[in-house]
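Text of the file query_19.json, holding JSON, C-alpha atoms:
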```
[["chain", "number", "residue", "atom", "x", "y", "z"],
["A", 1, "MET", "CA", 1.13, -51.51, 36.15],
["A", 2, "LEU", "CA", -2.59, -52.24, 35.87],
["A", 3, "LEU", "CA", -2.82, -52.17, 39.67],
["A", 4, "VAL", "CA", -1.23, -48.71, 39.72],
["A", 5, "ALA", "CA", -3.60, -47.46, 37.02],
["A", 6, "LEU", "CA", -6.62, -48.79, 38.89],
["A", 7, "HIS", "CA", -5.56, -47.17, 42.13],
["A", 8, "TRP", "CA", -4.88, -43.87, 40.37],
["A", 9, "SER", "CA", -8.56, -43.98, 39.43],
["A", 10, "PHE", "CA", -9.33, -42.72, 42.92],
["A", 11, "LEU", "CA", -7.91, -39.37, 41.79],
["A", 12, "ALA", "CA", -10.62, -39.12, 39.14],
["A", 13, "MET", "CA", -13.25, -38.93, 41.86],
["A", 14, "ALA", "CA", -13.85, -35.89, 44.03],
["A", 15, "ALA", "CA", -10.69, -36.08, 46.13],
["A", 16, "GLU", "CA", -9.95, -33.60, 48.89],
["A", 17, "GLU", "CA", -7.45, -30.90, 47.93],
["A", 18, "PRO", "CA", -5.37, -28.64, 50.17],
["A", 19, "ALA", "CA", -7.11, -25.43, 51.24],
["A", 20, "TYR", "CA", -5.84, -22.17, 49.76],
["A", 21, "ARG", "CA", -6.88, -18.59, 49.11],
["A", 22, "ILE", "CA", -6.22, -16.92, 45.76],
["A", 23, "VAL", "CA", -4.29, -13.69, 46.34],
["A", 24, "GLU", "CA", -3.90, -12.74, 42.68],
["A", 25, "ARG", "CA", -4.78, -14.15, 39.27],
["A", 26, "SER", "CA", -3.18, -13.21, 35.95],
["A", 27, "GLY", "CA", -4.09, -15.41, 32.97],
["A", 28, "ALA", "CA", -2.76, -18.93, 33.60],
["A", 29, "PHE", "CA", -0.90, -17.76, 36.73],
["A", 30, "GLU", "CA", -2.08, -17.46, 40.33],
["A", 31, "ILE", "CA", -0.57, -16.52, 43.64],
["A", 32, "ARG", "CA", -2.11, -18.56, 46.45],
["A", 33, "ASP", "CA", -1.83, -18.68, 50.21],
["A", 34, "TYR", "CA", -1.90, -22.29, 51.40],
["A", 35, "GLU", "CA", -2.71, -23.36, 54.93],
["A", 36, "SER", "CA", -0.34, -25.68, 56.77],
["A", 37, "MET", "CA", -0.56, -29.27, 55.54],
["A", 38, "THR", "CA", 0.77, -32.69, 56.44],
["A", 39, "ILE", "CA", 2.29, -34.73, 53.64],
["A", 40, "ALA", "CA", 3.37, -38.36, 53.33],
["A", 41, "GLU", "CA", 6.26, -38.66, 50.91],
["A", 42, "THR", "CA", 8.93, -41.01, 49.66],
["A", 43, "LEU", "CA", 12.21, -40.47, 47.86],
["A", 44, "VAL", "CA", 12.70, -42.42, 44.63],
["A", 45, "ARG", "CA", 15.84, -42.67, 42.52],
["A", 46, "GLU", "CA", 14.08, -42.83, 39.15],
["A", 47, "ASP", "CA", 13.95, -40.46, 36.22],
["A", 48, "PHE", "CA", 11.22, -37.82, 36.07],
["A", 49, "ASP", "CA", 8.74, -39.88, 34.06],
["A", 50, "ALA", "CA", 9.11, -43.07, 36.15],
["A", 51, "ALA", "CA", 9.25, -41.44, 39.60],
["A", 52, "GLY", "CA", 5.50, -40.95, 40.02],
["A", 53, "ASN", "CA", 4.56, -44.55, 39.22],
["A", 54, "SER", "CA", 7.37, -45.96, 41.31],
["A", 55, "ALA", "CA", 6.48, -43.84, 44.34],
["A", 56, "PHE", "CA", 2.75, -44.37, 43.97],
["A", 57, "ARG", "CA", 2.95, -48.07, 44.83],
["A", 58, "THR", "CA", 4.74, -47.26, 48.10],
["A", 59, "LEU", "CA", 2.41, -44.38, 49.00],
["A", 60, "PHE", "CA", -0.72, -46.31, 48.09],
["A", 61, "GLY", "CA", 0.34, -49.04, 50.52],
["A", 62, "TYR", "CA", 0.48, -46.42, 53.28],
["A", 63, "ILE", "CA", -3.02, -45.05, 52.62],
["A", 64, "SER", "CA", -4.40, -48.59, 52.16],
["A", 65, "GLY", "CA", -3.52, -49.47, 55.74],
["A", 66, "LYS", "CA", 0.20, -50.26, 55.67],
["A", 67, "ASN", "CA", 0.75, -48.04, 58.69],
["A", 68, "GLU", "CA", 1.15, -48.68, 62.42],
["A", 69, "SER", "CA", -2.58, -48.33, 63.15],
["A", 70, "GLN", "CA", -3.58, -50.27, 60.00],
["A", 71, "GLN", "CA", -5.90, -47.37, 59.22],
["A", 72, "LYS", "CA", -7.12, -46.60, 55.70],
["A", 73, "ILE", "CA", -6.62, -42.97, 54.66],
["A", 74, "ALA", "CA", -8.72, -41.20, 52.05],
["A", 75, "MET", "CA", -6.99, -40.45, 48.75],
["A", 76, "THR", "CA", -6.32, -36.77, 48.13],
["A", 77, "ALA", "CA", -5.14, -34.70, 45.19],
["A", 78, "PRO", "CA", -2.69, -33.70, 43.95],
["A", 79, "VAL", "CA", 0.22, -36.10, 43.86],
["A", 80, "ARG", "CA", 3.26, -33.84, 44.42],
["A", 81, "GLN", "CA", 6.66, -34.41, 42.83],
["A", 82, "GLN", "CA", 9.78, -32.40, 43.58],
["A", 83, "ALA", "CA", 13.38, -32.85, 42.43],
["A", 84, "GLU", "CA", 16.02, -33.53, 45.06],
["A", 85, "PRO", "CA", 19.36, -31.66, 44.75],
["A", 86, "ASP", "CA", 21.37, -34.91, 44.97],
["A", 87, "GLY", "CA", 19.21, -36.75, 42.46],
["A", 88, "GLY", "CA", 15.87, -38.47, 42.40],
["A", 89, "PHE", "CA", 12.46, -37.10, 43.32],
["A", 90, "ARG", "CA", 10.43, -36.67, 46.46],
["A", 91, "VAL", "CA", 6.86, -37.76, 45.66],
["A", 92, "GLY", "CA", 3.99, -37.36, 48.10],
["A", 93, "PHE", "CA", 0.33, -37.09, 48.98],
["A", 94, "VAL", "CA", -1.21, -34.40, 51.12],
["A", 95, "ALA", "CA", -2.96, -35.98, 54.10],
["A", 96, "PRO", "CA", -6.65, -35.17, 54.56],
["A", 97, "ALA", "CA", -7.08, -31.87, 56.44],
["A", 98, "HIS", "CA", -8.23, -33.49, 59.70],
["A", 99, "TYR", "CA", -4.76, -35.03, 60.16],
["A", 100, "SER", "CA", -1.79, -33.24, 61.67],
["A", 101, "LEU", "CA", 1.78, -34.47, 61.93],
["A", 102, "GLN", "CA", 0.88, -35.80, 65.41],
["A", 103, "THR", "CA", -2.38, -37.53, 64.43],
["A", 104, "ALA", "CA", -1.58, -38.98, 60.99],
["A", 105, "PRO", "CA", -1.00, -42.74, 61.10],
["A", 106, "LYS", "CA", 2.70, -43.53, 61.37],
["A", 107, "PRO", "CA", 4.04, -45.30, 58.26],
["A", 108, "ALA", "CA", 5.01, -48.96, 58.63],
["A", 109, "ASP", "CA", 7.26, -48.58, 55.57],
["A", 110, "SER", "CA", 10.51, -46.77, 56.45],
["A", 111, "ARG", "CA", 10.65, -45.27, 52.94],
["A", 112, "ILE", "CA", 7.70, -43.02, 53.80],
["A", 113, "VAL", "CA", 8.24, -39.86, 55.81],
["A", 114, "LEU", "CA", 5.56, -37.60, 57.26],
["A", 115, "ARG", "CA", 6.30, -33.89, 57.07],
["A", 116, "GLN", "CA", 4.44, -30.74, 58.09],
["A", 117, "LEU", "CA", 4.52, -27.90, 55.57],
["A", 118, "PRO", "CA", 3.99, -24.47, 57.13],
["A", 119, "PRO", "CA", 1.51, -21.97, 55.67],
["A", 120, "GLN", "CA", 3.06, -20.60, 52.51],
["A", 121, "ARG", "CA", 2.53, -18.25, 49.60],
["A", 122, "VAL", "CA", 2.93, -20.07, 46.28],
["A", 123, "ALA", "CA", 2.97, -19.01, 42.63],
["A", 124, "VAL", "CA", 1.10, -21.47, 40.43],
["A", 125, "MET", "CA", 0.67, -22.17, 36.74],
["A", 126, "ARG", "CA", -2.16, -24.54, 35.82],
["A", 127, "TYR", "CA", -2.13, -26.47, 32.54],
["A", 128, "SER", "CA", -3.46, -29.61, 30.91],
["A", 129, "GLY", "CA", -1.55, -32.23, 28.99],
["A", 130, "ARG", "CA", 0.69, -35.24, 29.24],
["A", 131, "TRP", "CA", 2.77, -36.07, 32.30],
["A", 132, "THR", "CA", 6.15, -35.68, 30.65],
["A", 133, "GLU", "CA", 9.27, -33.98, 31.85],
["A", 134, "LYS", "CA", 9.32, -31.86, 28.68],
["A", 135, "ASN", "CA", 5.78, -30.56, 29.35],
["A", 136, "TYR", "CA", 6.62, -29.90, 32.99],
["A", 137, "ARG", "CA", 9.88, -28.08, 32.17],
["A", 138, "GLU", "CA", 8.13, -25.82, 29.63],
["A", 139, "HIS", "CA", 5.55, -24.76, 32.21],
["A", 140, "GLU", "CA", 8.14, -24.45, 34.96],
["A", 141, "ALA", "CA", 10.15, -22.08, 32.71],
["A", 142, "ALA", "CA", 7.03, -20.04, 31.94],
["A", 143, "LEU", "CA", 6.19, -19.73, 35.65],
["A", 144, "LEU", "CA", 9.74, -18.73, 36.58],
["A", 145, "ALA", "CA", 9.81, -16.15, 33.74],
["A", 146, "TRP", "CA", 6.52, -14.70, 34.98],
["A", 147, "LEU", "CA", 7.94, -14.45, 38.51],
["A", 148, "ALA", "CA", 11.13, -12.81, 37.22],
["A", 149, "SER", "CA", 9.09, -10.24, 35.28],
["A", 150, "ARG", "CA", 7.42, -9.31, 38.57],
["A", 151, "THR", "CA", 10.70, -9.45, 40.56],
["A", 152, "LEU", "CA", 9.32, -12.18, 42.81],
["A", 153, "ALA", "CA", 11.84, -14.64, 44.25],
["A", 154, "THR", "CA", 11.26, -18.32, 44.91],
["A", 155, "ALA", "CA", 11.95, -19.84, 48.33],
["A", 156, "GLY", "CA", 12.56, -23.43, 47.40],
["A", 157, "PRO", "CA", 12.30, -26.04, 44.67],
["A", 158, "VAL", "CA", 9.41, -26.03, 42.22],
["A", 159, "VAL", "CA", 6.76, -28.71, 42.79],
["A", 160, "TYR", "CA", 4.96, -30.58, 40.02],
["A", 161, "ALA", "CA", 1.35, -31.48, 40.89],
["A", 162, "ARG", "CA", -0.90, -34.04, 39.16],
["A", 163, "TYR", "CA", -4.62, -34.10, 39.92],
["A", 164, "ASN", "CA", -6.04, -36.85, 37.71],
["A", 165, "ALA", "CA", -5.83, -40.57, 37.12],
["A", 166, "PRO", "CA", -3.77, -41.92, 34.19],
["A", 167, "PHE", "CA", -6.86, -42.97, 32.24],
["A", 168, "VAL", "CA", -8.15, -39.37, 32.11],
["A", 169, "PRO", "CA", -7.53, -38.15, 28.53],
["A", 170, "TRP", "CA", -4.48, -35.87, 28.55],
["A", 171, "PRO", "CA", -6.34, -32.78, 27.24],
["A", 172, "MET", "CA", -8.62, -33.02, 30.30],
["A", 173, "ARG", "CA", -5.88, -33.49, 32.90],
["A", 174, "ARG", "CA", -5.21, -30.83, 35.49],
["A", 175, "ASN", "CA", -1.54, -30.28, 36.19],
["A", 176, "GLU", "CA", 0.17, -27.48, 38.07],
["A", 177, "VAL", "CA", 3.64, -26.14, 38.64],
["A", 178, "LEU", "CA", 4.00, -24.55, 42.08],
["A", 179, "ALA", "CA", 6.84, -22.31, 43.25],
["A", 180, "PRO", "CA", 7.01, -21.32, 46.93],
["A", 181, "LEU", "CA", 7.62, -17.59, 47.23],
["A", 182, "ALA", "CA", 10.10, -15.79, 49.48],
["A", 183, "VAL", "CA", 7.19, -13.68, 50.77],
["A", 184, "GLY", "CA", 5.03, -15.47, 53.35],
["A", 185, "PRO", "CA", 1.24, -15.60, 53.38],
["A", 186, "ALA", "CA", -0.65, -12.65, 54.78],
["A", 187, "GLY", "CA", -2.03, -13.04, 58.28],
["A", 188, "PRO", "CA", -5.74, -13.39, 59.10]]
```
Please lay out the structure from this file as structure tokens.
Amino acid sequence: MLLVALHWSFLAMAAEEPAYRIVERSGAFEIRDYESMTIAETLVREDFDAAGNSAFRTLFGYISGKNESQQKIAMTAPVRQQAEPDGGFRVGFVAPAHYSLQTAPKPADSRIVLRQLPPQRVAVMRYSGRWTEKNYREHEAALLAWLASRTLATAGPVVYARYNAPFVPWPMRRNEVLAPLAVGPAGP
């Protein structure tokens, strides 16, 4: 557990984040257009609160060189967590922007899958606080209610995003709930 906490400390530093453009802002809510991104993720059969820690060990091995080219990969933020319909959670890191699905080091661990996310429009609610399922569900409900009030439909499961290390005091943590929208991003 101490090892996991120490490695999470990398998130407290200035980690690269996925590029996006804010389309609209309304209080705690934003609509963003994200560029395409490559993610490394793993499926864990744990409950909500244990999934992140369990997956982190596997994912940290990948970015520490446990990949076919034995290449170290810079830590990024956020750590993404998304429920799977048949149980468990898909937890992942976004690869640094200079990697594509073709150029990212291939995982040596078969539990890790690389996936390319297309450009997408996403509704987001940012909040601080503890990393609990209760806190996440409250903010997820608020985001979905805001979308319903605007008659905007989601296009997939909601993603929970954590930006900070565990030792960051919970009032200072940046968390987000992201819902992909049925409307795609605007063109250039």
Using only C-alpha atoms, find all polymer residues with an atom at most 10 Å away from the point (-0.5, -29.8, 39.8); report them as a ChimeraX atom specification.
/A:77-81,124-128,136,159-164,173-178
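In this comparison, which uses all atoms listed in the file, the residue of A:Thr132, A:Ser110, A:Asn53, A:Thr154 approaching Val91 of chain A most closely is A:Asn53.
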Report the centre and edge lengths, in Å to one decimal, of an axis-aligned box enclosing every atom of segment 24-33 of chain A listed in the file, padded by 5 Å on each side, as lines of an AutoDock Vina configuration file.
```
center_x = -2.7
center_y = -15.8
center_z = 41.6
size_x = 14.2
size_y = 16.2
size_z = 27.2
```
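Among A:Ala51, A:Val158, A:Ile73, A:Ala28, the residue with the shortest atom-to-atom distance to Val94 of chain A, counting only C-alpha atoms, is A:Ile73.
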Long-range neighbours of segment 83-90 of chain A as number ranges by chain, 6 Å cut-off, all atoms listed in the file, 6 positions minimum in chain
A: 42-46
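From atom CA of Ile112 of chain A back to atom CA of Phe48 of chain A, the distance works out to 18.8 Å.
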What would segment 39-50 of chain A look like with all heavy atoms in place, written as a PDB file, in the frame of the given file?
```pdb
ATOM      1  N   ILE A  39       2.101 -33.918  54.836  1.00  0.00           N
ATOM      2  CA  ILE A  39       2.290 -34.730  53.640  1.00  0.00           C
ATOM      3  C   ILE A  39       3.011 -36.026  53.999  1.00  0.00           C
ATOM      4  O   ILE A  39       3.803 -36.084  54.927  1.00  0.00           O
ATOM      5  CB  ILE A  39       3.046 -33.971  52.524  1.00  0.00           C
ATOM      6  CG1 ILE A  39       4.439 -33.547  52.970  1.00  0.00           C
ATOM      7  CG2 ILE A  39       2.254 -32.782  52.035  1.00  0.00           C
ATOM      8  CD1 ILE A  39       5.276 -32.952  51.857  1.00  0.00           C
ATOM      9  N   ALA A  40       2.669 -37.066  53.248  1.00  0.00           N
ATOM     10  CA  ALA A  40       3.370 -38.360  53.330  1.00  0.00           C
ATOM     11  C   ALA A  40       4.138 -38.470  52.035  1.00  0.00           C
ATOM     12  O   ALA A  40       3.566 -38.357  50.947  1.00  0.00           O
ATOM     13  CB  ALA A  40       2.367 -39.500  53.455  1.00  0.00           C
ATOM     14  N   GLU A  41       5.460 -38.648  52.129  1.00  0.00           N
ATOM     15  CA  GLU A  41       6.260 -38.660  50.910  1.00  0.00           C
ATOM     16  C   GLU A  41       7.344 -39.721  50.969  1.00  0.00           C
ATOM     17  O   GLU A  41       7.707 -40.206  52.036  1.00  0.00           O
ATOM     18  CB  GLU A  41       6.856 -37.289  50.633  1.00  0.00           C
ATOM     19  CG  GLU A  41       7.779 -36.789  51.704  1.00  0.00           C
ATOM     20  CD  GLU A  41       8.229 -35.346  51.499  1.00  0.00           C
ATOM     21  OE1 GLU A  41       7.735 -34.662  50.588  1.00  0.00           O
ATOM     22  OE2 GLU A  41       9.080 -34.903  52.276  1.00  0.00           O
ATOM     23  N   THR A  42       7.853 -40.038  49.785  1.00  0.00           N
ATOM     24  CA  THR A  42       8.930 -41.010  49.660  1.00  0.00           C
ATOM     25  C   THR A  42       9.919 -40.508  48.613  1.00  0.00           C
ATOM     26  O   THR A  42       9.535 -39.816  47.673  1.00  0.00           O
ATOM     27  CB  THR A  42       8.390 -42.406  49.283  1.00  0.00           C
ATOM     28  OG1 THR A  42       9.444 -43.348  49.328  1.00  0.00           O
ATOM     29  CG2 THR A  42       7.722 -42.435  47.931  1.00  0.00           C
ATOM     30  N   LEU A  43      11.160 -40.840  48.792  1.00  0.00           N
ATOM     31  CA  LEU A  43      12.210 -40.470  47.860  1.00  0.00           C
ATOM     32  C   LEU A  43      12.459 -41.640  46.918  1.00  0.00           C
ATOM     33  O   LEU A  43      12.639 -42.775  47.370  1.00  0.00           O
ATOM     34  CB  LEU A  43      13.499 -40.132  48.616  1.00  0.00           C
ATOM     35  CG  LEU A  43      14.719 -39.788  47.781  1.00  0.00           C
ATOM     36  CD1 LEU A  43      14.489 -38.518  46.971  1.00  0.00           C
ATOM     37  CD2 LEU A  43      15.937 -39.624  48.679  1.00  0.00           C
ATOM     38  N   VAL A  44      12.432 -41.373  45.616  1.00  0.00           N
ATOM     39  CA  VAL A  44      12.700 -42.420  44.630  1.00  0.00           C
ATOM     40  C   VAL A  44      13.856 -41.984  43.738  1.00  0.00           C
ATOM     41  O   VAL A  44      13.973 -40.812  43.398  1.00  0.00           O
ATOM     42  CB  VAL A  44      11.453 -42.768  43.783  1.00  0.00           C
ATOM     43  CG1 VAL A  44      10.396 -43.440  44.624  1.00  0.00           C
ATOM     44  CG2 VAL A  44      10.878 -41.549  43.104  1.00  0.00           C
ATOM     45  N   ARG A  45      14.677 -42.930  43.383  1.00  0.00           N
ATOM     46  CA  ARG A  45      15.840 -42.670  42.520  1.00  0.00           C
ATOM     47  C   ARG A  45      15.511 -43.140  41.104  1.00  0.00           C
ATOM     48  O   ARG A  45      16.113 -44.064  40.590  1.00  0.00           O
ATOM     49  CB  ARG A  45      17.080 -43.403  43.047  1.00  0.00           C
ATOM     50  CG  ARG A  45      17.458 -43.029  44.449  1.00  0.00           C
ATOM     51  CD  ARG A  45      18.062 -41.664  44.512  1.00  0.00           C
ATOM     52  NE  ARG A  45      18.437 -41.351  45.897  1.00  0.00           N
ATOM     53  CZ  ARG A  45      18.798 -40.173  46.292  1.00  0.00           C
ATOM     54  NH1 ARG A  45      18.824 -39.167  45.454  1.00  0.00           N
ATOM     55  NH2 ARG A  45      19.115 -39.970  47.550  1.00  0.00           N
ATOM     56  N   GLU A  46      14.522 -42.523  40.523  1.00  0.00           N
ATOM     57  CA  GLU A  46      14.080 -42.830  39.150  1.00  0.00           C
ATOM     58  C   GLU A  46      14.172 -41.545  38.343  1.00  0.00           C
ATOM     59  O   GLU A  46      14.346 -40.469  38.901  1.00  0.00           O
ATOM     60  CB  GLU A  46      12.614 -43.292  39.172  1.00  0.00           C
ATOM     61  CG  GLU A  46      12.325 -44.477  40.054  1.00  0.00           C
ATOM     62  CD  GLU A  46      12.599 -45.805  39.390  1.00  0.00           C
ATOM     63  OE1 GLU A  46      12.797 -45.827  38.153  1.00  0.00           O
ATOM     64  OE2 GLU A  46      12.612 -46.819  40.099  1.00  0.00           O
ATOM     65  N   ASP A  47      14.002 -41.663  37.021  1.00  0.00           N
ATOM     66  CA  ASP A  47      13.950 -40.460  36.220  1.00  0.00           C
ATOM     67  C   ASP A  47      12.589 -39.800  36.401  1.00  0.00           C
ATOM     68  O   ASP A  47      11.683 -40.365  37.024  1.00  0.00           O
ATOM     69  CB  ASP A  47      14.285 -40.736  34.746  1.00  0.00           C
ATOM     70  CG  ASP A  47      13.241 -41.591  34.034  1.00  0.00           C
ATOM     71  OD1 ASP A  47      12.092 -41.713  34.497  1.00  0.00           O
ATOM     72  OD2 ASP A  47      13.589 -42.143  32.974  1.00  0.00           O
ATOM     73  N   PHE A  48      12.432 -38.606  35.870  1.00  0.00           N
ATOM     74  CA  PHE A  48      11.220 -37.820  36.070  1.00  0.00           C
ATOM     75  C   PHE A  48       9.959 -38.610  35.721  1.00  0.00           C
ATOM     76  O   PHE A  48       9.010 -38.653  36.483  1.00  0.00           O
ATOM     77  CB  PHE A  48      11.276 -36.536  35.235  1.00  0.00           C
ATOM     78  CG  PHE A  48      10.065 -35.663  35.411  1.00  0.00           C
ATOM     79  CD1 PHE A  48      10.055 -34.676  36.374  1.00  0.00           C
ATOM     80  CD2 PHE A  48       8.935 -35.838  34.630  1.00  0.00           C
ATOM     81  CE1 PHE A  48       8.937 -33.867  36.562  1.00  0.00           C
ATOM     82  CE2 PHE A  48       7.807 -35.047  34.810  1.00  0.00           C
ATOM     83  CZ  PHE A  48       7.816 -34.058  35.779  1.00  0.00           C
ATOM     84  N   ASP A  49       9.956 -39.217  34.533  1.00  0.00           N
ATOM     85  CA  ASP A  49       8.740 -39.880  34.060  1.00  0.00           C
ATOM     86  C   ASP A  49       8.401 -41.155  34.821  1.00  0.00           C
ATOM     87  O   ASP A  49       7.238 -41.525  34.908  1.00  0.00           O
ATOM     88  CB  ASP A  49       8.863 -40.167  32.556  1.00  0.00           C
ATOM     89  CG  ASP A  49       8.919 -38.873  31.740  1.00  0.00           C
ATOM     90  OD1 ASP A  49       8.224 -37.913  32.090  1.00  0.00           O
ATOM     91  OD2 ASP A  49       9.677 -38.841  30.749  1.00  0.00           O
ATOM     92  N   ALA A  50       9.371 -41.826  35.416  1.00  0.00           N
ATOM     93  CA  ALA A  50       9.110 -43.070  36.150  1.00  0.00           C
ATOM     94  C   ALA A  50       8.882 -42.835  37.640  1.00  0.00           C
ATOM     95  O   ALA A  50       8.307 -43.687  38.315  1.00  0.00           O
ATOM     96  CB  ALA A  50      10.284 -44.034  35.970  1.00  0.00           C
TER      97      ALA A  50
END
```
